[in-house]
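The block underneath contains the structure these notes are about, expressed in structure tokens.
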Protein chains: 2
Amino acid sequence: MTGRVLTVTLNAALDVTYHVAAFTPGATHRVSRVDERAGGKGLNVARLLHALGTPVVATGLAGGACGARIRSLLADQEVPEAFVPIAAESRRTVVVAEPDTATGLWEPGPTVTADEWDAFLARFTDLVRDAEVAVLSGSLPSGVPADAYRVLVEVARRAGARTVLDTSGDPLRHGLDAGPDLVKPNAEELAGLTGHAPPGPAAAVETVRALDADAVVASFGPEGLLAVTGEGAWHAYLPHPVAGNPTGAGDACVAALTRGMIGRHAWPDRLTEAVALSAAAVRAPVAGSVDLADYRHLLPAVIVKEL
Amino acid sequence: MTGRVLTVTLNAALDVTYHVAAFTPGATHRVSRVDERAGGKGLNVARLLHALGTPVVATGLAGGACGARIRSLLADQEVPEAFVPIAAESRRTVVVAEPDTATGLWEPGPTVTADEWDAFLARFTDLVRDAEVAVLSGSLPSGVPADAYRVLVEVARRAGARTVLDTSGDPLRHGLDAGPDLVKPNAEELAGLTGHAPPGPAAAVETVRALDADAVVASFGPEGLLAVTGEGAWHAYLPHPVAGNPTGAGDACVAALTRGMIGRHAWPDRLTEAVALSAAAVRAPVAGSVDLADYRHLLPAVIVKEL
């Protein structure tokens, strides 16, 4: 199985949404509708790339009945996958959606054995040979070494593939040790790395430049993106913030930047695409999906300023 | 596969309990522990019979990743099962458990096709030939005919098996048309059948006698059981109600009555066992499980009065 992009989702999830009219703690509720999605940041990226026509293979770890359901949901959407099985059950996320409020319940997730991690490393080493870009997204399940993303960036580099890293905390810190081609922290993740809240996109250039990556695109929600690259630094944003659900906007940004990396687009174009795809994700009624017509409609509105 | 008892669970569930320290609508919660059980009233009966050493086979309908998980959880507990697969996902029930409160979320459940129902009827017809008693418990999923339990009681009778029916509403009404050997309504189900709340165990004899079943055991929670049979009528109860979780107490009652039916115990003995096993289920920390030592400890305390 080959794809120009290989996405990695080590802590894949079955995202379940329960629609209820009104939610009362202590009561019993009949759920009027259940929506299920294969979740985890890497799978959002894979789905978007697939929708945009970029050949992609989704790998990662998935186990038990939840893992089987995640894989069957990907198959329903025709997203090619090469997940490595684990014995433990993959996690579910449950969102109880009322008309105006959402309540989240995050399962703790599986524990991965050393043998399962070795099997994943072997599979990744094999798959990444056929990839131009490996996208490494999200948290690590228990049992996976904290420096997993450092190892994967190094394996990808030896195979001639570039890497995009989108994670937080220790996994991000360790991943940066290997110098990935692109990292995409958000403001909160930047604060976690540097110990202080970044002062906003245009003023955070020096903070971001200090990170050990070829290029950094930091996302500041409605304030847009700050890119610091070998070719220059830019601030890209929409003049009017869009309303909606920000879940999945970061993954849309990563998908657009990955396409820009493959197409060797000029940085201002990559950032325009990333801002527009993120905004379309915010406006989409279902978290993690995007209306491509809305994306194209938003492209001309994006402002890119060189810093 | 043979068992003296065949339990039927047409709307099997994956019962999931999320333990959280405090539950706040609108917030996101990390779940500290997840418990999973194969659920549905018939499966509670099957598990208890298995624990008590009565050979049992659990059948019913189960589908998708949830159905696979239900079957693997039964296999973990070594409960023999012969479920018929359906294409749709079996339902989950999610209970969010705080130290003092429980909030329930009931999925709507699958829709069963006509072919799947026919396949189940064929399987039941085959399995019930080896059973002494068929226990028919719980609600019907969408797509299963409302008179399903009437048909199953008739098929069981032709095969020489006796039947225990524990359900509510229309499925109970239709099931009674076939004259099952035993029905076990609770006070609410009796009210649903007769149109008025029963006045309490001792005063409800005439109401209960009007039901079309060889024997009726009506459960009144902490007020105990009322049995109206061809051999007499009895009220069985504990002098002091027990504290705990009443979920699964009705299934424990059915399990005990089924054992009494097989062993042809005298009715006062059957009722003593049913009251004690139900009370042990109420006192058990996990809904649907029973401490058999506690059950034996409770037996001598049960009072049985002939009416």
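Every chain in the structure tokens has a letter given in the order shown (A, B, ...), and although residue numbers restart at 1 in each chain, ligands are simply numbered from 1 in the order shown.
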Members of stretch 43-242 of chain A assigned helix (DSSP H, G or I) by DSSP, as a PyMOL selection string
chain A and resi 43-51+64-76+114-130+148-158+169-177+187-194+202-209+221-223
Could you fit chain B onto chain A with a least-squares superposition over all C-alpha atoms, matched one to one in order, and give me the transformed chain as a short mmCIF file (atom, residue, chain, number, x, y, z; two decimals) with C-alpha atoms, in the first residue's frame?
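Listing of selection31.cif after writing:
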```cif
data_model
loop_
_atom_site.label_atom_id
_atom_site.label_comp_id
_atom_site.auth_asym_id
_atom_site.auth_seq_id
_atom_site.Cartn_x
_atom_site.Cartn_y
_atom_site.Cartn_z
CA MET B 1 -0.06 -0.02 -0.07
CA THR B 2 1.54 3.29 -1.00
CA GLY B 3 0.62 6.92 -0.40
CA ARG B 4 2.53 10.12 -0.79
CA VAL B 5 1.57 10.84 2.84
CA LEU B 6 1.75 8.41 5.76
CA THR B 7 -0.24 9.57 8.80
CA VAL B 8 0.57 8.14 12.23
CA THR B 9 -2.13 7.90 14.94
CA LEU B 10 -0.72 6.01 17.89
CA ASN B 11 -3.70 6.74 20.17
CA ALA B 12 -6.58 6.26 17.71
CA ALA B 13 -10.07 6.68 19.17
CA LEU B 14 -13.64 5.76 18.44
CA ASP B 15 -15.35 9.16 18.67
CA VAL B 16 -18.96 8.66 19.75
CA THR B 17 -21.48 11.52 19.88
CA TYR B 18 -24.73 11.05 21.79
CA HIS B 19 -27.45 13.52 20.88
CA VAL B 20 -29.86 14.23 23.74
CA ALA B 21 -32.54 16.89 24.12
CA ALA B 22 -31.46 17.85 27.65
CA PHE B 23 -28.82 16.36 29.87
CA THR B 24 -29.36 16.02 33.64
CA PRO B 25 -26.75 14.44 35.93
CA GLY B 26 -28.31 11.65 37.99
CA ALA B 27 -31.00 10.89 35.40
CA THR B 28 -31.23 8.21 32.71
CA HIS B 29 -31.42 9.44 29.12
CA ARG B 30 -32.57 7.79 25.92
CA VAL B 31 -30.11 8.87 23.25
CA SER B 32 -31.96 10.05 20.15
CA ARG B 33 -29.05 9.63 17.73
CA VAL B 34 -25.56 8.13 17.88
CA ASP B 35 -22.78 9.29 15.53
CA GLU B 36 -19.51 7.37 15.35
CA ARG B 37 -16.24 8.46 13.77
CA ALA B 38 -12.73 7.09 13.57
CA GLY B 39 -10.95 9.69 15.70
CA GLY B 40 -7.51 10.84 16.69
CA LYS B 41 -5.71 13.80 15.12
CA GLY B 42 -3.81 11.73 12.54
CA LEU B 43 -7.04 10.20 11.24
CA ASN B 44 -8.58 13.66 10.80
CA VAL B 45 -5.54 14.60 8.70
CA ALA B 46 -5.79 11.36 6.69
CA ARG B 47 -9.51 11.85 5.98
CA LEU B 48 -8.96 15.44 4.82
CA LEU B 49 -6.04 14.52 2.58
CA HIS B 50 -8.11 11.72 1.09
CA ALA B 51 -11.02 14.12 0.47
CA LEU B 52 -8.61 16.57 -1.21
CA GLY B 53 -7.28 13.83 -3.52
CA THR B 54 -3.82 13.38 -1.94
CA PRO B 55 -2.87 9.68 -1.77
CA VAL B 56 -2.55 8.79 1.89
CA VAL B 57 -2.14 5.73 4.09
CA ALA B 58 -3.19 5.89 7.75
CA THR B 59 -1.17 3.82 10.19
CA GLY B 60 -1.06 3.69 13.96
CA LEU B 61 -2.15 1.35 16.76
CA ALA B 62 -5.69 0.01 17.19
CA GLY B 63 -7.01 -2.80 19.36
CA GLY B 64 -10.04 -4.80 20.41
CA ALA B 65 -13.64 -4.22 19.37
CA CYS B 66 -13.09 -0.43 19.32
CA GLY B 67 -10.04 -0.84 17.11
CA ALA B 68 -12.03 -3.05 14.74
CA ARG B 69 -14.77 -0.42 14.60
CA ILE B 70 -12.22 2.36 13.90
CA ARG B 71 -10.86 0.33 10.97
CA SER B 72 -14.29 -0.48 9.60
CA LEU B 73 -15.30 3.21 9.75
CA LEU B 74 -12.13 4.11 7.80
CA ALA B 75 -12.97 1.41 5.25
CA ASP B 76 -16.49 2.89 4.89
CA GLN B 77 -14.86 6.19 3.92
CA GLU B 78 -12.33 4.40 1.68
CA VAL B 79 -9.34 5.81 3.58
CA PRO B 80 -6.48 3.30 3.07
CA GLU B 81 -5.18 2.08 6.42
CA ALA B 82 -2.37 -0.13 7.66
CA PHE B 83 -2.94 -0.11 11.41
CA VAL B 84 -0.93 -2.40 13.68
CA PRO B 85 -3.14 -4.42 16.06
CA ILE B 86 -2.72 -4.27 19.83
CA ALA B 87 -4.33 -6.55 22.42
CA ALA B 88 -5.90 -3.79 24.56
CA GLU B 89 -9.08 -1.95 23.59
CA SER B 90 -8.56 1.37 21.80
CA ARG B 91 -10.11 4.29 23.61
CA ARG B 92 -13.50 5.87 23.01
CA THR B 93 -14.29 9.53 23.40
CA VAL B 94 -17.95 10.18 24.19
CA VAL B 95 -19.47 13.61 23.61
CA VAL B 96 -22.98 14.17 24.95
CA ALA B 97 -24.39 16.83 22.63
CA GLU B 98 -27.32 18.97 23.70
CA PRO B 99 -28.57 21.68 21.35
CA ASP B 100 -26.34 24.29 23.08
CA THR B 101 -23.77 22.39 25.16
CA ALA B 102 -21.35 19.49 24.77
CA THR B 103 -20.06 17.33 27.62
CA GLY B 104 -16.98 15.19 26.98
CA LEU B 105 -15.87 11.88 28.48
CA TRP B 106 -12.37 10.72 27.53
CA GLU B 107 -11.48 7.07 28.20
CA PRO B 108 -7.95 6.54 29.53
CA GLY B 109 -6.95 4.41 26.52
CA PRO B 110 -4.95 1.23 26.07
CA THR B 111 -1.53 0.20 27.35
CA VAL B 112 0.78 -0.86 24.54
CA THR B 113 3.29 -3.69 25.11
CA ALA B 114 6.96 -3.48 24.14
CA ASP B 115 6.43 -6.16 21.47
CA GLU B 116 3.54 -4.20 19.97
CA TRP B 117 5.66 -1.05 19.82
CA ASP B 118 8.45 -3.01 18.12
CA ALA B 119 5.90 -4.35 15.60
CA PHE B 120 4.74 -0.80 14.92
CA LEU B 121 8.31 0.44 14.40
CA ALA B 122 8.91 -2.35 11.88
CA ARG B 123 5.68 -1.50 10.05
CA PHE B 124 6.41 2.24 10.03
CA THR B 125 9.95 1.62 8.75
CA ASP B 126 8.46 -0.39 5.90
CA LEU B 127 5.60 2.01 5.04
CA VAL B 128 7.62 5.24 5.25
CA ARG B 129 9.86 4.09 2.38
CA ASP B 130 6.95 4.72 0.02
CA ALA B 131 5.98 8.09 1.56
CA GLU B 132 7.11 11.61 0.75
CA VAL B 133 5.86 12.96 4.07
CA ALA B 134 5.10 11.30 7.41
CA VAL B 135 2.60 13.20 9.57
CA LEU B 136 2.96 12.41 13.29
CA SER B 137 -0.06 13.60 15.27
CA GLY B 138 -1.48 13.46 18.73
CA SER B 139 -0.85 11.91 22.13
CA LEU B 140 0.98 8.69 22.92
CA PRO B 141 -0.84 5.82 24.63
CA SER B 142 0.59 4.35 27.80
CA GLY B 143 3.49 1.96 27.11
CA VAL B 144 4.79 3.82 24.04
CA PRO B 145 8.17 5.44 24.87
CA ALA B 146 8.06 9.21 25.45
CA ASP B 147 10.66 9.71 22.69
CA ALA B 148 8.58 7.79 20.13
CA TYR B 149 8.31 10.79 17.78
CA ARG B 150 12.08 11.40 17.92
CA VAL B 151 12.61 7.81 16.77
CA LEU B 152 9.97 8.08 14.04
CA VAL B 153 11.42 11.36 12.71
CA GLU B 154 14.85 9.70 12.52
CA VAL B 155 13.51 6.59 10.77
CA ALA B 156 11.61 8.77 8.28
CA ARG B 157 14.70 10.87 7.54
CA ARG B 158 16.80 7.76 6.83
CA ALA B 159 14.06 6.63 4.41
CA GLY B 160 14.12 10.01 2.63
CA ALA B 161 10.69 11.15 3.89
CA ARG B 162 9.99 14.57 5.37
CA THR B 163 8.10 14.87 8.66
CA VAL B 164 5.33 17.01 10.14
CA LEU B 165 4.93 16.84 13.92
CA ASP B 166 1.75 17.95 15.73
CA THR B 167 1.70 16.98 19.37
CA SER B 168 2.24 18.50 22.82
CA GLY B 169 4.18 18.20 26.07
CA ASP B 170 6.97 15.64 26.39
CA PRO B 171 6.26 13.88 23.08
CA LEU B 172 6.69 17.27 21.32
CA ARG B 173 9.85 18.11 23.29
CA HIS B 174 11.43 14.74 22.41
CA GLY B 175 10.25 14.95 18.80
CA LEU B 176 11.96 18.34 18.40
CA ASP B 177 15.28 16.70 19.39
CA ALA B 178 15.30 15.01 15.98
CA GLY B 179 14.63 18.25 14.06
CA PRO B 180 11.42 17.51 12.14
CA ASP B 181 10.77 19.40 8.88
CA LEU B 182 7.70 21.12 10.27
CA VAL B 183 6.07 21.46 13.68
CA LYS B 184 2.65 22.99 14.27
CA PRO B 185 2.22 23.94 17.94
CA ASN B 186 -0.76 25.98 19.07
CA ALA B 187 -0.45 28.81 21.58
CA GLU B 188 -1.00 26.49 24.56
CA GLU B 189 1.61 24.00 23.33
CA LEU B 190 4.08 26.86 22.77
CA ALA B 191 3.47 28.00 26.33
CA GLY B 192 4.08 24.44 27.54
CA LEU B 193 7.42 24.33 25.67
CA THR B 194 8.73 27.77 26.58
CA GLY B 195 7.21 28.21 30.03
CA HIS B 196 5.35 31.42 29.21
CA ALA B 197 2.30 32.36 27.14
CA PRO B 198 3.28 33.66 23.70
CA PRO B 199 2.37 37.35 23.23
CA GLY B 200 0.34 36.74 20.01
CA PRO B 201 1.26 35.77 16.46
CA ALA B 202 3.25 38.77 15.25
CA ALA B 203 5.18 39.21 18.50
CA ALA B 204 6.09 35.52 18.96
CA VAL B 205 8.61 35.24 16.11
CA GLU B 206 11.71 34.99 18.30
CA THR B 207 10.05 32.48 20.64
CA VAL B 208 9.10 30.29 17.69
CA ARG B 209 12.44 30.67 15.90
CA ALA B 210 14.17 29.08 18.91
CA LEU B 211 12.44 25.73 18.29
CA ASP B 212 14.55 23.00 16.66
CA ALA B 213 12.60 22.43 13.46
CA ASP B 214 13.21 23.46 9.85
CA ALA B 215 9.91 25.32 9.88
CA VAL B 216 7.40 26.16 12.59
CA VAL B 217 3.78 27.11 11.98
CA ALA B 218 2.18 28.15 15.25
CA SER B 219 -1.60 28.42 15.37
CA PHE B 220 -3.33 31.12 17.43
CA GLY B 221 -6.98 30.21 16.86
CA PRO B 222 -8.95 33.14 15.41
CA GLU B 223 -5.75 35.26 15.35
CA GLY B 224 -4.36 33.03 12.61
CA LEU B 225 -1.03 31.36 11.89
CA LEU B 226 2.56 32.47 12.49
CA ALA B 227 5.10 30.77 10.19
CA VAL B 228 8.82 30.98 10.86
CA THR B 229 10.82 29.26 8.10
CA GLY B 230 14.24 29.38 6.44
CA GLU B 231 12.66 31.54 3.71
CA GLY B 232 11.03 34.11 5.97
CA ALA B 233 8.34 34.70 8.59
CA TRP B 234 4.66 35.41 7.93
CA HIS B 235 1.42 36.06 9.75
CA ALA B 236 -1.67 34.66 7.95
CA TYR B 237 -5.23 35.29 9.10
CA LEU B 238 -8.81 36.03 8.13
CA PRO B 239 -10.03 39.61 8.61
CA HIS B 240 -13.14 38.34 10.46
CA PRO B 241 -12.98 35.24 12.65
CA VAL B 242 -15.44 32.47 11.70
CA ALA B 243 -17.96 30.97 14.12
CA GLY B 244 -18.23 27.26 14.81
CA ASN B 245 -16.51 24.30 16.44
CA PRO B 246 -12.69 24.62 16.62
CA THR B 247 -12.22 20.84 17.12
CA GLY B 248 -10.27 19.55 14.14
CA ALA B 249 -9.15 23.00 12.91
CA GLY B 250 -5.53 22.20 13.82
CA ASP B 251 -5.71 18.94 11.87
CA ALA B 252 -7.09 20.81 8.84
CA CYS B 253 -4.14 23.20 9.13
CA VAL B 254 -1.72 20.24 9.18
CA ALA B 255 -3.42 18.64 6.16
CA ALA B 256 -3.10 21.86 4.14
CA LEU B 257 0.54 22.41 5.16
CA THR B 258 1.35 18.81 4.21
CA ARG B 259 -0.15 19.31 0.74
CA GLY B 260 1.85 22.53 0.42
CA MET B 261 5.03 20.69 1.40
CA ILE B 262 4.44 18.01 -1.24
CA GLY B 263 3.56 20.56 -3.91
CA ARG B 264 6.51 22.78 -2.88
CA HIS B 265 4.11 25.74 -2.88
CA ALA B 266 5.47 29.16 -1.87
CA TRP B 267 5.03 29.72 1.87
CA PRO B 268 2.38 32.46 1.53
CA ASP B 269 0.28 30.04 -0.58
CA ARG B 270 0.69 27.22 1.93
CA LEU B 271 -0.42 29.52 4.73
CA THR B 272 -3.40 30.81 2.75
CA GLU B 273 -4.54 27.23 2.16
CA ALA B 274 -3.98 26.34 5.82
CA VAL B 275 -5.96 29.31 7.15
CA ALA B 276 -8.85 28.66 4.73
CA LEU B 277 -9.01 24.91 5.39
CA SER B 278 -8.89 25.47 9.16
CA ALA B 279 -11.69 28.05 8.95
CA ALA B 280 -13.78 25.69 6.81
CA ALA B 281 -13.26 23.00 9.47
CA VAL B 282 -14.46 25.41 12.17
CA ARG B 283 -17.59 26.19 10.14
CA ALA B 284 -18.37 22.54 9.28
CA PRO B 285 -21.33 21.12 11.20
CA VAL B 286 -19.49 17.85 12.01
CA ALA B 287 -16.14 18.24 13.83
CA GLY B 288 -13.26 17.06 11.65
CA SER B 289 -15.09 17.25 8.35
CA VAL B 290 -14.78 20.10 5.85
CA ASP B 291 -17.01 21.49 3.09
CA LEU B 292 -14.51 21.86 0.23
CA ALA B 293 -16.68 24.46 -1.52
CA ASP B 294 -16.55 26.57 1.64
CA TYR B 295 -12.75 26.09 1.71
CA ARG B 296 -12.42 27.43 -1.86
CA HIS B 297 -14.79 30.25 -1.02
CA LEU B 298 -12.60 31.31 1.95
CA LEU B 299 -9.24 31.24 0.10
CA PRO B 300 -9.41 34.77 -1.40
CA ALA B 301 -10.22 36.32 2.00
CA VAL B 302 -6.98 35.19 3.70
CA ILE B 303 -4.45 37.94 4.46
CA VAL B 304 -0.72 37.07 4.58
CA LYS B 305 1.73 39.63 5.98
CA GLU B 306 5.50 39.18 5.85
CA LEU B 307 7.09 39.93 9.23
#
```
Every residue of stretch 114-278 of chain A that DSSP places in strand (DSSP E or B), as a compact mmCIF listing (two decimals) with N, CA and C atoms, in the first residue's frame:
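Result file selection05.txt:
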```txt
# COMPACT_ATOMS: atom_id res chain seq x y z
N VAL A 133 5.99 12.26 2.80
CA VAL A 133 5.86 12.96 4.07
C VAL A 133 5.20 12.03 5.09
N ALA A 134 5.76 11.99 6.30
CA ALA A 134 5.11 11.30 7.41
C ALA A 134 4.55 12.36 8.36
N VAL A 135 3.25 12.26 8.66
CA VAL A 135 2.60 13.20 9.57
C VAL A 135 2.39 12.49 10.91
N LEU A 136 2.99 13.03 11.96
CA LEU A 136 2.96 12.40 13.29
C LEU A 136 2.10 13.27 14.20
N SER A 137 0.94 12.73 14.59
CA SER A 137 -0.06 13.58 15.27
C SER A 137 -0.55 12.96 16.57
N SER A 142 -0.27 4.91 26.79
CA SER A 142 0.59 4.33 27.81
C SER A 142 1.38 3.15 27.22
N ARG A 162 10.06 13.41 4.49
CA ARG A 162 10.00 14.56 5.39
C ARG A 162 8.95 14.30 6.47
N THR A 163 8.98 15.12 7.53
CA THR A 163 8.11 14.85 8.67
C THR A 163 7.39 16.12 9.13
N VAL A 164 6.14 15.93 9.53
CA VAL A 164 5.33 16.99 10.15
C VAL A 164 4.93 16.47 11.52
N LEU A 165 5.19 17.27 12.56
CA LEU A 165 4.93 16.82 13.93
C LEU A 165 3.89 17.74 14.56
N ASP A 166 2.81 17.15 15.09
CA ASP A 166 1.75 17.93 15.73
C ASP A 166 1.34 17.22 17.01
N LEU A 182 8.69 20.12 9.92
CA LEU A 182 7.68 21.12 10.28
C LEU A 182 7.05 20.71 11.61
N VAL A 183 6.90 21.68 12.51
CA VAL A 183 6.06 21.43 13.70
C VAL A 183 4.95 22.47 13.70
N ASN A 186 0.15 24.84 18.87
CA ASN A 186 -0.78 25.95 19.08
C ASN A 186 -0.25 26.80 20.24
N ALA A 215 10.94 24.29 9.99
CA ALA A 215 9.90 25.31 9.89
C ALA A 215 8.93 25.10 11.03
N VAL A 216 8.39 26.21 11.53
CA VAL A 216 7.38 26.15 12.58
C VAL A 216 6.17 26.94 12.10
N VAL A 217 5.00 26.34 12.19
CA VAL A 217 3.77 27.09 11.98
C VAL A 217 3.00 26.99 13.30
N ALA A 218 2.88 28.12 13.96
CA ALA A 218 2.17 28.15 15.24
C ALA A 218 0.77 28.69 15.01
N SER A 219 -0.22 28.00 15.61
CA SER A 219 -1.61 28.41 15.38
C SER A 219 -2.14 29.13 16.61
N LEU A 225 -2.25 32.19 11.84
CA LEU A 225 -1.04 31.37 11.88
C LEU A 225 0.20 32.25 11.84
N LEU A 226 1.22 31.85 12.57
CA LEU A 226 2.55 32.45 12.48
C LEU A 226 3.47 31.40 11.91
N ALA A 227 4.12 31.69 10.76
CA ALA A 227 5.09 30.76 10.18
C ALA A 227 6.48 31.35 10.29
N VAL A 228 7.41 30.57 10.82
CA VAL A 228 8.82 30.97 10.86
C VAL A 228 9.59 29.88 10.12
N THR A 229 10.18 30.24 8.97
CA THR A 229 10.81 29.25 8.08
C THR A 229 12.17 29.79 7.65
N GLY A 232 11.67 32.90 5.48
CA GLY A 232 11.03 34.12 5.97
C GLY A 232 10.00 33.80 7.03
N ALA A 233 9.35 34.85 7.54
CA ALA A 233 8.33 34.68 8.57
C ALA A 233 7.08 35.41 8.11
N TRP A 234 5.91 34.83 8.38
CA TRP A 234 4.65 35.41 7.93
C TRP A 234 3.56 35.27 9.00
N HIS A 235 2.62 36.17 8.95
CA HIS A 235 1.40 36.05 9.75
C HIS A 235 0.23 35.97 8.77
N ALA A 236 -0.54 34.89 8.88
CA ALA A 236 -1.67 34.67 7.95
C ALA A 236 -2.94 34.57 8.77
N TYR A 237 -4.00 35.25 8.30
CA TYR A 237 -5.22 35.29 9.10
C TYR A 237 -6.41 35.71 8.23
```
